[in-house]
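Read through the structure below, which is laid out as structure tokens, and then see the notes.
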Amino acid sequence: MTISNLGPATEQAWLKIGTREFRSRVVVGIEQYDSVPLVRDVLTAAGADVFITTVDPDNRRSSLLLMDLESELPLDRFTWIGTTSFARSKESALRSARILRDSLGIDILKLDVRGEDNVPDNAGTVEAARELRAEGMELLPFILPDLKTARELEDAGCAALRVMAAPVASGRGIVDPRPIEAVIAQAGIPVIVEGGIGSARHVAQAMELGAAATLVNTALVRAREPLKMAAAMRHAALAGLLSHESGPMSELAA
């Protein structure tokens with residue numbers, strides 16, 4: 001890799017599912033937005049190439065209406081994936097997944113099975129993943145960083161893993177990098193870091209650990225200037241990726 005071709009080299013797909021490719025290292029959740037133009041501008045500023053949609057069969061909430069988004073967003077430019085982020089039980093996650101598949105034809109799922117404390121339920125996630133994989137869905141499950149759980153989900157055929165860095169929406173960043181590094185080192189599939197990612201610094205740190213990508217949501221929604229934060233995170237992901245690939249001094253000294 002030379003300085004002149006850093007851009008194209010770092011835009012190579014980090015995940016491929018069938019003919020669909022994930023290239024952006026910043027995945028943006030949009031469940032908290034109520035402004036279509038803001039969603040459009042944030043996704044653009046972040047360089048996002050994934051569009052996430054969801055339903056909530058328990059409380060009848062949903063993401064922004066797709067009929068509204070179609071007038072503002074070139075939806076055909078994104079890889080569409082679903083999420084069960086509103087689910088607070090395995091049963092709710094399974095219902096959400098099947099509604100997304102049956103109503104929108106979505107077969108790639110950001111699988112979240114969380115308890116009422118909003119923390120991933122690792123055991124419930126593994127159970128839900130096995131059921132949905134048997135139905136042919138491609139999964140990116142969200143877990144607390146645990147080697148046994150990561151191994152079980154990889155063995156189940158999940159496309160990637162998402163590991164929690166800190167409580168969701170806390171903005172605390174990566175509280176303890178060691179278990180995340182251990183999962184990344186062991187995993188034979190891409191690992192995404194999310195949860196508590198509150199700044200560009202946190203994004204860069206996640207990428208330096210060897211993450212394939214980061215997922216951000218609340219930090220952009222709550223930023224005083226969301227577009228600047230989205231752009232900052234886009235550049236931070238690239239900086240962290242290049243730093244990881246370069247072999248930083250701390251690694252060489254060890």
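All residue names refer to the structure tokens as shown: chains lettered A, B, ... in order, residues numbered from 1 in each chain, ligands numbered from 1 in order.
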Expected answer as number ranges by chain: alpha helix (DSSP H) residues in stretch 82-201 of chain A: A: 90-104, 122-134, 147-155, 177-186, 200-201
Based on the selection just made, write N, CA and C atoms of those residues as a tab-separated table (two decimals), in the first residue's frame.
```tsv
chain	number	residue	atom	x	y	z
A	90	LYS	N	-36.10	-12.89	23.93
A	90	LYS	CA	-35.81	-13.70	22.74
A	90	LYS	C	-37.04	-13.80	21.86
A	91	GLU	N	-38.21	-13.97	22.46
A	91	GLU	CA	-39.44	-14.12	21.69
A	91	GLU	C	-39.73	-12.85	20.89
A	92	SER	N	-39.52	-11.69	21.50
A	92	SER	CA	-39.76	-10.43	20.80
A	92	SER	C	-38.77	-10.26	19.64
A	93	ALA	N	-37.51	-10.64	19.86
A	93	ALA	CA	-36.51	-10.55	18.80
A	93	ALA	C	-36.89	-11.45	17.62
A	94	LEU	N	-37.35	-12.65	17.91
A	94	LEU	CA	-37.75	-13.57	16.84
A	94	LEU	C	-38.94	-13.02	16.07
A	95	ARG	N	-39.92	-12.45	16.78
A	95	ARG	CA	-41.07	-11.86	16.09
A	95	ARG	C	-40.64	-10.72	15.19
A	96	SER	N	-39.78	-9.84	15.72
A	96	SER	CA	-39.30	-8.70	14.93
A	96	SER	C	-38.58	-9.17	13.67
A	97	ALA	N	-37.71	-10.16	13.83
A	97	ALA	CA	-36.94	-10.67	12.70
A	97	ALA	C	-37.86	-11.20	11.61
A	98	ARG	N	-38.87	-11.94	12.02
A	98	ARG	CA	-39.76	-12.56	11.02
A	98	ARG	C	-40.67	-11.53	10.36
A	99	ILE	N	-41.07	-10.49	11.10
A	99	ILE	CA	-41.84	-9.41	10.48
A	99	ILE	C	-40.99	-8.69	9.43
A	100	LEU	N	-39.75	-8.40	9.76
A	100	LEU	CA	-38.86	-7.71	8.82
A	100	LEU	C	-38.63	-8.56	7.57
A	101	ARG	N	-38.47	-9.85	7.77
A	101	ARG	CA	-38.27	-10.74	6.62
A	101	ARG	C	-39.53	-10.83	5.76
A	102	ASP	N	-40.66	-11.03	6.41
A	102	ASP	CA	-41.89	-11.28	5.66
A	102	ASP	C	-42.47	-10.01	5.03
A	103	SER	N	-42.28	-8.85	5.67
A	103	SER	CA	-42.88	-7.62	5.17
A	103	SER	C	-41.95	-6.83	4.25
A	104	LEU	N	-40.64	-6.93	4.48
A	104	LEU	CA	-39.69	-6.13	3.70
A	104	LEU	C	-38.69	-6.97	2.92
A	122	ASN	N	-26.58	-13.04	26.36
A	122	ASN	CA	-25.77	-13.90	25.51
A	122	ASN	C	-26.43	-15.25	25.24
A	123	ALA	N	-26.96	-15.87	26.28
A	123	ALA	CA	-27.58	-17.20	26.10
A	123	ALA	C	-28.80	-17.10	25.19
A	124	GLY	N	-29.64	-16.09	25.42
A	124	GLY	CA	-30.82	-15.90	24.57
A	124	GLY	C	-30.44	-15.58	23.14
A	125	THR	N	-29.35	-14.86	22.97
A	125	THR	CA	-28.89	-14.51	21.62
A	125	THR	C	-28.47	-15.75	20.86
A	126	VAL	N	-27.75	-16.64	21.52
A	126	VAL	CA	-27.32	-17.89	20.87
A	126	VAL	C	-28.55	-18.72	20.47
A	127	GLU	N	-29.53	-18.81	21.35
A	127	GLU	CA	-30.73	-19.58	21.03
A	127	GLU	C	-31.48	-18.99	19.85
A	128	ALA	N	-31.66	-17.65	19.86
A	128	ALA	CA	-32.36	-16.99	18.75
A	128	ALA	C	-31.58	-17.14	17.45
A	129	ALA	N	-30.26	-17.03	17.55
A	129	ALA	CA	-29.42	-17.13	16.35
A	129	ALA	C	-29.56	-18.50	15.70
A	130	ARG	N	-29.59	-19.53	16.50
A	130	ARG	CA	-29.71	-20.88	15.94
A	130	ARG	C	-31.05	-21.05	15.22
A	131	GLU	N	-32.11	-20.50	15.79
A	131	GLU	CA	-33.42	-20.60	15.14
A	131	GLU	C	-33.44	-19.83	13.82
A	132	LEU	N	-32.92	-18.61	13.84
A	132	LEU	CA	-32.98	-17.77	12.64
A	132	LEU	C	-32.02	-18.26	11.56
A	133	ARG	N	-30.89	-18.82	11.96
A	133	ARG	CA	-29.97	-19.40	10.97
A	133	ARG	C	-30.63	-20.60	10.29
A	134	ALA	N	-31.38	-21.38	11.06
A	134	ALA	CA	-32.09	-22.52	10.47
A	134	ALA	C	-33.13	-22.07	9.45
A	147	LEU	N	-15.71	-15.29	25.04
A	147	LEU	CA	-15.13	-16.19	24.04
A	147	LEU	C	-16.04	-17.37	23.72
A	148	LYS	N	-16.65	-17.95	24.72
A	148	LYS	CA	-17.52	-19.11	24.49
A	148	LYS	C	-18.72	-18.72	23.63
A	149	THR	N	-19.35	-17.61	23.96
A	149	THR	CA	-20.50	-17.15	23.18
A	149	THR	C	-20.10	-16.83	21.76
A	150	ALA	N	-18.97	-16.15	21.61
A	150	ALA	CA	-18.49	-15.80	20.27
A	150	ALA	C	-18.26	-17.05	19.43
A	151	ARG	N	-17.69	-18.06	20.05
A	151	ARG	CA	-17.41	-19.31	19.33
A	151	ARG	C	-18.71	-20.00	18.92
A	152	GLU	N	-19.70	-20.01	19.82
A	152	GLU	CA	-20.98	-20.65	19.51
A	152	GLU	C	-21.69	-19.95	18.35
A	153	LEU	N	-21.63	-18.64	18.33
A	153	LEU	CA	-22.30	-17.89	17.26
A	153	LEU	C	-21.57	-18.05	15.93
A	154	GLU	N	-20.26	-18.10	15.98
A	154	GLU	CA	-19.51	-18.35	14.75
A	154	GLU	C	-19.81	-19.76	14.24
A	155	ASP	N	-19.86	-20.74	15.13
A	155	ASP	CA	-20.18	-22.10	14.73
A	155	ASP	C	-21.59	-22.21	14.16
A	177	PRO	N	-10.74	-3.02	27.27
A	177	PRO	CA	-10.44	-3.53	25.93
A	177	PRO	C	-10.02	-4.98	25.90
A	178	ARG	N	-9.62	-5.55	27.01
A	178	ARG	CA	-9.03	-6.90	26.99
A	178	ARG	C	-9.99	-7.97	26.48
A	179	PRO	N	-11.21	-8.08	26.99
A	179	PRO	CA	-12.08	-9.13	26.45
A	179	PRO	C	-12.47	-8.88	25.00
A	180	ILE	N	-12.54	-7.63	24.59
A	180	ILE	CA	-12.85	-7.33	23.18
A	180	ILE	C	-11.70	-7.77	22.30
A	181	GLU	N	-10.47	-7.46	22.72
A	181	GLU	CA	-9.30	-7.91	21.96
A	181	GLU	C	-9.26	-9.43	21.86
A	182	ALA	N	-9.63	-10.12	22.94
A	182	ALA	CA	-9.60	-11.57	22.94
A	182	ALA	C	-10.60	-12.13	21.92
A	183	VAL	N	-11.80	-11.56	21.87
A	183	VAL	CA	-12.79	-12.02	20.89
A	183	VAL	C	-12.30	-11.75	19.47
A	184	ILE	N	-11.76	-10.56	19.24
A	184	ILE	CA	-11.26	-10.22	17.90
A	184	ILE	C	-10.15	-11.19	17.49
A	185	ALA	N	-9.25	-11.50	18.43
A	185	ALA	CA	-8.13	-12.39	18.11
A	185	ALA	C	-8.61	-13.80	17.79
A	186	GLN	N	-9.66	-14.24	18.46
A	186	GLN	CA	-10.13	-15.61	18.27
A	186	GLN	C	-11.04	-15.75	17.06
A	200	ALA	N	-15.18	10.39	18.45
A	200	ALA	CA	-14.28	9.90	17.41
A	200	ALA	C	-13.11	9.15	18.02
A	201	ARG	N	-12.68	9.57	19.20
A	201	ARG	CA	-11.57	8.88	19.87
A	201	ARG	C	-11.93	7.43	20.17
```
Which residue, A:Ala166, A:Ala219, A:Arg234, A:Asp146, has the smallest gap to A:Asp49 when you use only C-alpha atoms?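 With only C-alpha atoms as the atom set, the closest residue is A:Arg234.
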Correct to one decimal, the distance atom CA of A:Pro226-atom CA of A:Thr84 is 24.1 Å
Tell me, as a VMD selection string, which residues lie within 9 Å of stretch 38-48 of chain A, counting only C-alpha atoms; anything in the same chain fewer than 2 positions away does not count. chain A and resid 23 to 28 30 33 to 36 50 to 51 69 72 to 73 78 220 226 to 235
Write the residues of the selection above to a file with N, CA, C and O atoms, as an mmCIF file, in the first residue's frame.
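Saved the output as again.cif:
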```cif
data_model
loop_
_atom_site.group_PDB
_atom_site.id
_atom_site.type_symbol
_atom_site.label_atom_id
_atom_site.label_comp_id
_atom_site.auth_asym_id
_atom_site.auth_seq_id
_atom_site.Cartn_x
_atom_site.Cartn_y
_atom_site.Cartn_z
ATOM 1 N N ARG A 23 -18.593 -1.877 3.116
ATOM 2 C CA ARG A 23 -17.317 -1.194 2.953
ATOM 3 C C ARG A 23 -17.065 -0.126 4.017
ATOM 4 O O ARG A 23 -15.955 0.013 4.503
ATOM 5 N N SER A 24 -18.087 0.628 4.354
ATOM 6 C CA SER A 24 -17.913 1.677 5.352
ATOM 7 C C SER A 24 -17.566 1.065 6.700
ATOM 8 O O SER A 24 -18.175 0.088 7.124
ATOM 9 N N ARG A 25 -16.603 1.669 7.382
ATOM 10 C CA ARG A 25 -16.195 1.167 8.695
ATOM 11 C C ARG A 25 -17.034 1.775 9.823
ATOM 12 O O ARG A 25 -16.814 1.454 10.990
ATOM 13 N N VAL A 26 -17.962 2.640 9.473
ATOM 14 C CA VAL A 26 -18.884 3.213 10.451
ATOM 15 C C VAL A 26 -20.303 2.824 10.043
ATOM 16 O O VAL A 26 -20.783 3.214 8.983
ATOM 17 N N VAL A 27 -20.939 2.026 10.880
ATOM 18 C CA VAL A 27 -22.330 1.640 10.669
ATOM 19 C C VAL A 27 -23.184 2.532 11.563
ATOM 20 O O VAL A 27 -22.891 2.683 12.756
ATOM 21 N N VAL A 28 -24.214 3.133 10.998
ATOM 22 C CA VAL A 28 -25.007 4.122 11.732
ATOM 23 C C VAL A 28 -26.405 3.579 12.023
ATOM 24 O O VAL A 28 -27.146 3.238 11.102
ATOM 25 N N ILE A 30 -30.218 4.206 13.113
ATOM 26 C CA ILE A 30 -31.111 5.362 12.908
ATOM 27 C C ILE A 30 -32.417 5.225 13.688
ATOM 28 O O ILE A 30 -33.365 5.977 13.444
ATOM 29 N N TYR A 33 -34.021 8.575 15.337
ATOM 30 C CA TYR A 33 -34.268 9.810 14.579
ATOM 31 C C TYR A 33 -35.747 9.982 14.259
ATOM 32 O O TYR A 33 -36.481 9.014 14.059
ATOM 33 N N ASP A 34 -36.166 11.238 14.171
ATOM 34 C CA ASP A 34 -37.515 11.538 13.694
ATOM 35 C C ASP A 34 -37.491 12.530 12.535
ATOM 36 O O ASP A 34 -38.531 13.007 12.097
ATOM 37 N N SER A 35 -36.302 12.828 12.033
ATOM 38 C CA SER A 35 -36.146 13.757 10.914
ATOM 39 C C SER A 35 -35.526 13.030 9.731
ATOM 40 O O SER A 35 -34.384 12.562 9.806
ATOM 41 N N VAL A 36 -36.266 12.930 8.644
ATOM 42 C CA VAL A 36 -35.759 12.258 7.453
ATOM 43 C C VAL A 36 -34.549 12.987 6.862
ATOM 44 O O VAL A 36 -33.538 12.350 6.550
ATOM 45 N N VAL A 50 -24.809 1.159 4.796
ATOM 46 C CA VAL A 50 -25.811 0.253 5.343
ATOM 47 C C VAL A 50 -27.010 1.073 5.803
ATOM 48 O O VAL A 50 -26.856 2.121 6.435
ATOM 49 N N PHE A 51 -28.196 0.600 5.462
ATOM 50 C CA PHE A 51 -29.429 1.231 5.929
ATOM 51 C C PHE A 51 -30.122 0.237 6.852
ATOM 52 O O PHE A 51 -30.396 -0.898 6.460
ATOM 53 N N LEU A 69 -38.786 8.081 3.717
ATOM 54 C CA LEU A 69 -37.356 8.005 3.417
ATOM 55 C C LEU A 69 -37.096 7.906 1.920
ATOM 56 O O LEU A 69 -36.089 8.414 1.431
ATOM 57 N N GLU A 72 -36.214 11.042 0.098
ATOM 58 C CA GLU A 72 -35.005 11.765 0.504
ATOM 59 C C GLU A 72 -33.723 10.972 0.322
ATOM 60 O O GLU A 72 -32.643 11.543 0.205
ATOM 61 N N LEU A 73 -33.840 9.643 0.342
ATOM 62 C CA LEU A 73 -32.654 8.799 0.315
ATOM 63 C C LEU A 73 -32.629 7.898 -0.913
ATOM 64 O O LEU A 73 -33.659 7.327 -1.269
ATOM 65 N N PHE A 78 -27.823 1.475 -0.637
ATOM 66 C CA PHE A 78 -27.476 0.900 0.656
ATOM 67 C C PHE A 78 -27.747 -0.604 0.678
ATOM 68 O O PHE A 78 -28.637 -1.095 -0.012
ATOM 69 N N LEU A 220 -24.286 10.351 17.756
ATOM 70 C CA LEU A 220 -24.628 11.252 16.651
ATOM 71 C C LEU A 220 -25.929 11.988 16.938
ATOM 72 O O LEU A 220 -26.055 13.184 16.673
ATOM 73 N N PRO A 226 -24.448 17.025 14.686
ATOM 74 C CA PRO A 226 -24.360 15.612 14.304
ATOM 75 C C PRO A 226 -23.552 15.361 13.033
ATOM 76 O O PRO A 226 -22.863 14.340 12.938
ATOM 77 N N LEU A 227 -23.630 16.257 12.056
ATOM 78 C CA LEU A 227 -22.922 16.008 10.801
ATOM 79 C C LEU A 227 -21.408 16.071 11.004
ATOM 80 O O LEU A 227 -20.664 15.276 10.430
ATOM 81 N N LYS A 228 -20.954 17.006 11.831
ATOM 82 C CA LYS A 228 -19.524 17.088 12.113
ATOM 83 C C LYS A 228 -19.058 15.865 12.882
ATOM 84 O O LYS A 228 -17.973 15.319 12.627
ATOM 85 N N MET A 229 -19.878 15.399 13.825
ATOM 86 C CA MET A 229 -19.508 14.196 14.568
ATOM 87 C C MET A 229 -19.464 12.988 13.643
ATOM 88 O O MET A 229 -18.561 12.144 13.743
ATOM 89 N N ALA A 230 -20.423 12.888 12.737
ATOM 90 C CA ALA A 230 -20.435 11.760 11.795
ATOM 91 C C ALA A 230 -19.186 11.768 10.926
ATOM 92 O O ALA A 230 -18.569 10.727 10.694
ATOM 93 N N ALA A 231 -18.815 12.955 10.440
ATOM 94 C CA ALA A 231 -17.605 13.057 9.621
ATOM 95 C C ALA A 231 -16.366 12.726 10.437
ATOM 96 O O ALA A 231 -15.441 12.052 9.961
ATOM 97 N N ALA A 232 -16.338 13.193 11.693
ATOM 98 C CA ALA A 232 -15.189 12.909 12.560
ATOM 99 C C ALA A 232 -15.038 11.410 12.775
ATOM 100 O O ALA A 232 -13.930 10.864 12.741
ATOM 101 N N MET A 233 -16.151 10.730 12.977
ATOM 102 C CA MET A 233 -16.085 9.280 13.209
ATOM 103 C C MET A 233 -15.661 8.533 11.950
ATOM 104 O O MET A 233 -14.950 7.530 12.021
ATOM 105 N N ARG A 234 -16.084 9.030 10.813
ATOM 106 C CA ARG A 234 -15.659 8.414 9.547
ATOM 107 C C ARG A 234 -14.139 8.483 9.414
ATOM 108 O O ARG A 234 -13.476 7.486 9.088
ATOM 109 N N HIS A 235 -13.567 9.644 9.694
ATOM 110 C CA HIS A 235 -12.107 9.797 9.587
ATOM 111 C C HIS A 235 -11.389 9.041 10.698
ATOM 112 O O HIS A 235 -10.301 8.494 10.484
#
```
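Excluding A:Leu139 and any residue on its chain fewer than 6 positions from it, the residues at most 7 Å away by only C-alpha atoms are Ile108, Leu109, Lys110, Leu111, Cys158, Ala159 and Ala160 of chain A.
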Hey, which of A:Trp80, A:Phe22, A:Phe86, A:Trp14 ends up closest to A:Arg114? Count only C-alpha atoms. A:Phe86
In Å, with one decimal, what is the gap from atom CA of A:Leu161 to atom CA of A:Gly198? 20.0 Å
